[in-house]
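Asks: Have a look at this one before I ask anything.
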Amino acid sequence: MAGSKVEQIKEQSHYLRGTIPETLRSDASHFGEEDIQLLKFHGTYQQDDRDARVELKRAGLDKAWSFMVRTKIPGGHLAADQYLKLDQIATDLGNQTLRITTRQNFQYHLVLKGGLQECIARVTQSGITTVGACGDIVRNVMASPTPLNTPVHCNAQKLADELTQALFPKTRAYAEIWLNGEKLYPPPEAENEPIYGKYYLPRKFKIGVAVPPRNDVDIYTQDIGYVAHAPNGQAEGYTILVGGGFGMTHGKLKTYPVLGKPLFYVAREHAVAAGVTIVTVQRDYGNREDRSRARMKYLIEERGLEWFRKEVEARLQAPTEHPKPLQWTTVADMLGWHEQGDGKLFCGVFVPQGRIQDTEDVRYRSAFREIARQLGFPIRLTPNCNLLFFNIQPDQRNTVDQVLNQYGVPSDEGMTEARKTSHACVALPTCGLALAESERVFGQVMDEIDKILRELHLEKEPILIRMAGCPNGCSRPYNADISFVGRAPGKYAFFVGGSATGDRLVGLEKKVVELKEIPAVVKTYLEEFVAHREDGETFTEYWGRTHRPGPRPVPEQFHLELAERSARLAASSQNGAVE
Ligand code: HEM
Ligand code: SF4
């Protein structure tokens with residue numbers, strides 16, 4: 001089969017083996033280009049410390065190679081003992097932090113090659129996997145993390161598990177390479193891939209399950225978004241959205257973010273089959289020549305939603321109906337203390353940029369470890385990169401508060417609403433594609449914005465603010481009220497006009513804003529909001545009423561300068577130029 005270079009690598013890889021086992025055992029400091037692509041399917045990205053690059057090069061030394069290892073945690077759900085095992089791996093093999101991702105996973109950063117096999121094996125032994133956390137395959141299936149004990153919330157989590165099982169890769173390569181062939185999780189089956197075939201999917205594939213009115217899985221950004229329909233409290237079925245996706249590729253003019261569109265409604269009993277069927281349509285028709293156009297969103301844009309619906313319906317042995325009307329109130333998590341509905345409580349803790357670490361001021365890691373060890377509550381990771389403990393007896397509430405206090409973990413009560421939903425992607429120093437800082441500067445940026453919000457008495461206003469280090473947009477900046485997307489060191493494109501419910505795309509307001517200017521620029525927009533808003537209007541509503549959307553996000557806004565820069569980056573680094 002013809003196809004892009006990555007298609008050929010997949011074909012020749014013997015179901016994702018390549019030469020990974022040989023290189024792993026050798027004393028090579030890093031993997032070659034082909035294995036880098038395959039390693040992603042196993043859940044790991046080869047990276048190098050970008051802070052150290054210049055120094056090392058000057059000294060004539062090799063790059064400081066390391067690995068990002070991404071776990072796959074359907075619905076963000078894990079037990080306390082699993083949490084403790086994953087935490088210990090961060091101590092023994094990572095950089096002493098656990099990074100909650102926007103797909104409800106944990107990532108380890110700075111795992112060294114010598115520790116890679118042990119890291120993946122230990123994750124797997126905890127009953128969690130890394131297989132399919134990256135690569136051209138169905139990634140972690142997300143589900144509303146809200147631990148309300150209602151049939152519809154439980155059903156969303158269950159559906160995420162069922163979809164995960166149905167779309168799990170079957171290759172034995174993972175067990176052979178990382179687990180020494182041990183039959184751990186999942187049991188290795190016959191050596192073929194009935195759903196994926198040897199080319200797997202044309203590109204990454206994302207699925208999420210939402211329970212309205214809370215859009216806490218950012219449903220419009222998924223390749224397939226399931227929205228529960230529960231008129232009597234039971235999940236009778238799901239409206240399915242298709243073709244969402246936010247990535248834009250540096251210098252590739254035909255790439256842009258797209259919001260998912262309603263396809264049809266199916267009864268609960270056919271929900272998994274509908275998902276698998278949609279995956280097979282993308283498998284068979286998705287673009288395998290040009291990776292920058294390989295996401296399902298482009299297939300749907302090119303052939304039309306009607307064509308896509310007919311193709312899915314022709315393959316699906318189940319009735320479908322018109323999509324149900326959808327209504328959302330927020331993308332936010334339920335932070336702080338809440339009743340679950342079964343006499344127990346849950347507690348949502350805000351984690352800045354999802355980075356669970358101990359710093360001088362706040363010891364998130366110690367606090368979470370102690371709660372997991374002492375009280376054993378199950379955990380949900382949220383797509384806003386926060387953490388929820390649940391199944392808490394009311395008389396245990398004080399103990400939890402005491403532990404959080406003891407380690408300096410701030411309560412959400414004093415926080416601005418904007419802070420609670422704010423988020424930034426990882427970017428420097430690990431991400432090979434970052435053009436500007438994101439996670440490392442965002443806390444300070446938000447401190448400044450917080451001051452402005454308080455001055456303007458906007459601390460209770462839901463304003464969704466996100467930052468990304470490059471146009472790929474991993475922190476989902478393209479549907480926020482206000483967002484910054486890195487274009488060069490210290491420089492960001494500035495977008496406004498998405499929504500606090502995640503269902504509208506931003507428009508470009510300023511092509512370049514310097515990092516230090518961000519608070520002042522945001523201030524002018526907030527002042528305008530205060531001056532012109534109507535009674536009770538949110539920022540989202542005010543913007544929609546008073547502004548025509550700016551140009552939607554497209555690579556041209558970054559392109560001319562970025563094309564050159566990304567060519568330079570690609571030449572100087574092999575880590576992840578093709579995702
Ligand atoms: C073509 C576009 C994209 C490329 C090439 C890309 C590449 C990457 C890379 C290299 C990382 C690792 C960063 C690190 O941990 O050091 C990463 C992280 C991540 N990406 Fe992407 N990405 C793309 C688009 C997206 C989009 C559109 C989303 C979601 C809407 C997304 C979701 C994530 C998530 C959840 C992480 C984990 C860290 C986090 O939560 O910020 N990515 N991506
Ligand atoms: S948005 Fe860009 S800089 Fe940020 S993690 Fe994704 S690829 Fe890296």
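Ligands are numbered from 1 in the order shown, residues from 1 within each chain, and chains are lettered A, B, ... in the order they appear in the structure tokens.
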Please report, as a PyMOL selection string, each residue of region 1-228 of chain A to which DSSP assigns strand (DSSP E) when run on this structure's backbone.
Replies: chain A and resi 44-48+65-70+77-78+98-100+106-111+142-143+207-210+224-228
Asks: With DSSP run on the backbone, what are the alpha helix (DSSP H) residues within region 43-184 of chain A? I'd like them as number ranges by chain.
Replies: A: 53-58, 80-93, 113-125, 151-166, 173-178
Asks: May I have the residues from that selection written out with C-alpha atoms, as an mmCIF file, in the first residue's frame?
Replies:
```cif
data_model
loop_
_atom_site.group_PDB
_atom_site.id
_atom_site.type_symbol
_atom_site.label_atom_id
_atom_site.label_comp_id
_atom_site.auth_asym_id
_atom_site.auth_seq_id
_atom_site.Cartn_x
_atom_site.Cartn_y
_atom_site.Cartn_z
ATOM 1 C CA ARG A 53 20.024 21.636 24.353
ATOM 2 C CA VAL A 54 22.226 24.638 23.691
ATOM 3 C CA GLU A 55 24.686 23.878 26.502
ATOM 4 C CA LEU A 56 25.025 20.254 25.501
ATOM 5 C CA LYS A 57 25.512 21.119 21.870
ATOM 6 C CA ARG A 58 28.159 23.662 22.744
ATOM 7 C CA ALA A 80 -6.395 4.379 45.818
ATOM 8 C CA ASP A 81 -3.891 1.494 45.720
ATOM 9 C CA GLN A 82 -3.395 2.067 41.987
ATOM 10 C CA TYR A 83 -2.789 5.727 42.672
ATOM 11 C CA LEU A 84 -0.153 4.845 45.255
ATOM 12 C CA LYS A 85 1.612 2.496 42.848
ATOM 13 C CA LEU A 86 1.629 5.129 40.110
ATOM 14 C CA ASP A 87 2.886 7.713 42.582
ATOM 15 C CA GLN A 88 5.756 5.461 43.615
ATOM 16 C CA ILE A 89 6.773 5.058 39.963
ATOM 17 C CA ALA A 90 7.108 8.856 39.720
ATOM 18 C CA THR A 91 9.501 8.703 42.665
ATOM 19 C CA ASP A 92 11.550 5.786 41.406
ATOM 20 C CA LEU A 93 11.641 6.414 37.653
ATOM 21 C CA LYS A 113 15.773 4.835 28.658
ATOM 22 C CA GLY A 114 17.188 2.465 31.259
ATOM 23 C CA GLY A 115 13.977 2.794 33.291
ATOM 24 C CA LEU A 116 11.482 2.707 30.441
ATOM 25 C CA GLN A 117 10.677 -0.978 30.498
ATOM 26 C CA GLU A 118 10.349 -1.041 34.268
ATOM 27 C CA CYS A 119 8.107 2.027 34.172
ATOM 28 C CA ILE A 120 5.681 0.525 31.646
ATOM 29 C CA ALA A 121 5.743 -2.892 33.329
ATOM 30 C CA ARG A 122 4.960 -1.395 36.729
ATOM 31 C CA VAL A 123 2.120 0.727 35.362
ATOM 32 C CA THR A 124 0.688 -2.431 33.819
ATOM 33 C CA GLN A 125 1.074 -4.415 37.013
ATOM 34 C CA PRO A 151 -27.647 5.857 36.915
ATOM 35 C CA VAL A 152 -26.710 8.209 34.096
ATOM 36 C CA HIS A 153 -23.310 9.162 35.551
ATOM 37 C CA CYS A 154 -22.488 5.519 36.293
ATOM 38 C CA ASN A 155 -23.584 4.611 32.797
ATOM 39 C CA ALA A 156 -21.207 7.141 31.237
ATOM 40 C CA GLN A 157 -18.260 5.561 33.062
ATOM 41 C CA LYS A 158 -19.451 2.093 32.099
ATOM 42 C CA LEU A 159 -19.739 3.069 28.454
ATOM 43 C CA ALA A 160 -16.150 4.382 28.524
ATOM 44 C CA ASP A 161 -15.005 0.982 29.837
ATOM 45 C CA GLU A 162 -17.007 -0.923 27.230
ATOM 46 C CA LEU A 163 -15.640 1.219 24.391
ATOM 47 C CA THR A 164 -12.115 0.756 25.731
ATOM 48 C CA GLN A 165 -12.516 -3.014 25.713
ATOM 49 C CA ALA A 166 -14.119 -3.102 22.269
ATOM 50 C CA ALA A 173 3.994 -6.758 20.919
ATOM 51 C CA TYR A 174 3.203 -4.794 24.071
ATOM 52 C CA ALA A 175 3.323 -7.832 26.335
ATOM 53 C CA GLU A 176 6.463 -9.151 24.648
ATOM 54 C CA ILE A 177 8.434 -5.935 24.788
ATOM 55 C CA TRP A 178 7.453 -4.479 28.117
#
```
Asks: Set the cut-off to 8 Å, count only C-alpha atoms and all ligand atoms, and list whatever residues fall near ligand 2 as a list in words.
Replies: Ala424, Cys425, Val426, Ala427, Leu428, Cys431, Gly432, Leu433, Ala434, Leu435, Ala436, Glu437, Ser438, Ala468, Gly469, Cys470, Pro471, Asn472, Gly473, Cys474, Ser475, Val485 and Gly486 of chain A
Asks: Listing only residues of chain A within 8 Å of ligand 1, what is the closest atom pair and its distance in Å (to one decimal) for each, using only C-alpha atoms and all ligand atoms, sorted by chain and residue number ascending, as CSV?
Replies:
```
residue,atom,partner,partner_atom_place_in_ligand_line,distance
A:Tyr45,CA,ligand 1,10 (C),7.2
A:Gln47,CA,ligand 1,16 (O),7.4
A:Met68,CA,ligand 1,15 (O),6.1
A:Arg70,CA,ligand 1,37 (C),7.9
A:Arg99,CA,ligand 1,38 (C),7.5
A:Ile100,CA,ligand 1,40 (O),6.5
A:Thr101,CA,ligand 1,40 (O),3.3
A:Thr102,CA,ligand 1,40 (O),4.0
A:Arg103,CA,ligand 1,35 (C),4.7
A:Gln104,CA,ligand 1,35 (C),7.6
A:Asn105,CA,ligand 1,35 (C),7.7
A:Gln107,CA,ligand 1,15 (O),7.0
A:His109,CA,ligand 1,15 (O),6.8
A:Thr221,CA,ligand 1,30 (C),5.8
A:Gln222,CA,ligand 1,30 (C),7.4
A:Gly245,CA,ligand 1,27 (C),5.6
A:Phe246,CA,ligand 1,27 (C),3.9
A:Gly247,CA,ligand 1,27 (C),3.8
A:Met248,CA,ligand 1,1 (C),5.6
A:Thr249,CA,ligand 1,1 (C),5.3
A:Pro257,CA,ligand 1,27 (C),7.7
A:Ser292,CA,ligand 1,1 (C),7.2
A:Gly354,CA,ligand 1,40 (O),7.6
A:Cys385,CA,ligand 1,40 (O),7.3
A:Ala424,CA,ligand 1,41 (O),6.6
A:Cys425,CA,ligand 1,41 (O),3.6
A:Val426,CA,ligand 1,41 (O),4.8
A:Ala427,CA,ligand 1,16 (O),5.8
A:Leu428,CA,ligand 1,16 (O),7.1
A:Pro429,CA,ligand 1,16 (O),7.3
A:Thr430,CA,ligand 1,16 (O),4.2
A:Cys431,CA,ligand 1,16 (O),3.5
A:Gly432,CA,ligand 1,10 (C),5.8
A:Leu433,CA,ligand 1,10 (C),5.9
A:Pro471,CA,ligand 1,2 (C),7.8
A:Asn472,CA,ligand 1,2 (C),4.2
A:Gly473,CA,ligand 1,27 (C),5.1
A:Cys474,CA,ligand 1,31 (C),3.5
A:Ser475,CA,ligand 1,41 (O),5.3
A:Arg476,CA,ligand 1,30 (C),4.8
A:Asn575,CA,ligand 1,10 (C),7.8
A:Gly576,CA,ligand 1,10 (C),5.6
A:Ala577,CA,ligand 1,5 (C),6.8
A:Val578,CA,ligand 1,5 (C),6.1
A:Glu579,CA,ligand 1,5 (C),4.3
```
Asks: Please list as a ChimeraX atom specification every residue within 12 Å of Ile195 (chain A), counting only C-alpha atoms and excluding residues in the same chain fewer than 6 positions away.
Replies: /A:137-138,165-171,201,273,275-284
Asks: To one decimal in Å, tell me the separation between CA of Gln557 (chain A) and CA of Glu517 (chain A).
Replies: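 Result for CA of Gln557 (chain A) versus CA of Glu517 (chain A): 19.0 Å, one decimal.
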Asks: Take CA of Ile224 (chain A) and CA of Leu464 (chain A) and report the distance between them in Å, one decimal.
Replies: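 These two atoms are separated by 22.9 Å.
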Asks: Need the shell around Pro262 (chain A): protein/DNA/RNA residues with any atom at most 9 Å away, counting only C-alpha atoms. Skip same-chain ones fewer than 6 positions apart. Format as a list in words?
Replies: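 Residues meeting the cut-off are Gly225, Thr239, Ile240, Leu241, Val242, His322, Pro323 and Lys324 of chain A.
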Asks: Keeping only N, CA and C atoms, write the selected residues as a PDB file, in the first residue's frame.
Replies:
```pdb
ATOM      1  N   GLY A 225     -18.174  12.041  20.117  1.00  0.00           N
ATOM      2  CA  GLY A 225     -18.662  12.497  21.419  1.00  0.00           C
ATOM      3  C   GLY A 225     -20.021  11.875  21.704  1.00  0.00           C
ATOM      4  N   THR A 239     -26.830  10.667  22.081  1.00  0.00           N
ATOM      5  CA  THR A 239     -26.646  11.416  20.836  1.00  0.00           C
ATOM      6  C   THR A 239     -25.151  11.386  20.532  1.00  0.00           C
ATOM      7  N   ILE A 240     -24.823  11.105  19.293  1.00  0.00           N
ATOM      8  CA  ILE A 240     -23.412  10.973  18.931  1.00  0.00           C
ATOM      9  C   ILE A 240     -22.977  12.142  18.052  1.00  0.00           C
ATOM     10  N   LEU A 241     -21.921  12.827  18.505  1.00  0.00           N
ATOM     11  CA  LEU A 241     -21.321  13.902  17.701  1.00  0.00           C
ATOM     12  C   LEU A 241     -20.077  13.330  17.032  1.00  0.00           C
ATOM     13  N   VAL A 242     -19.761  13.819  15.851  1.00  0.00           N
ATOM     14  CA  VAL A 242     -18.548  13.324  15.185  1.00  0.00           C
ATOM     15  C   VAL A 242     -17.731  14.467  14.590  1.00  0.00           C
ATOM     16  N   HIS A 322     -32.944  10.972  14.919  1.00  0.00           N
ATOM     17  CA  HIS A 322     -32.371  12.323  14.888  1.00  0.00           C
ATOM     18  C   HIS A 322     -31.676  12.617  16.208  1.00  0.00           C
ATOM     19  N   PRO A 323     -30.593  13.385  16.156  1.00  0.00           N
ATOM     20  CA  PRO A 323     -29.933  13.758  17.414  1.00  0.00           C
ATOM     21  C   PRO A 323     -30.900  14.511  18.324  1.00  0.00           C
ATOM     22  N   LYS A 324     -30.755  14.353  19.621  1.00  0.00           N
ATOM     23  CA  LYS A 324     -31.573  15.111  20.588  1.00  0.00           C
ATOM     24  C   LYS A 324     -30.998  16.522  20.719  1.00  0.00           C
TER      25      LYS A 324
END
```
Asks: By how many Å are CA of Phe495 (chain A) and CA of Lys297 (chain A) apart?
Replies: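 It comes out at 21.7 Å.
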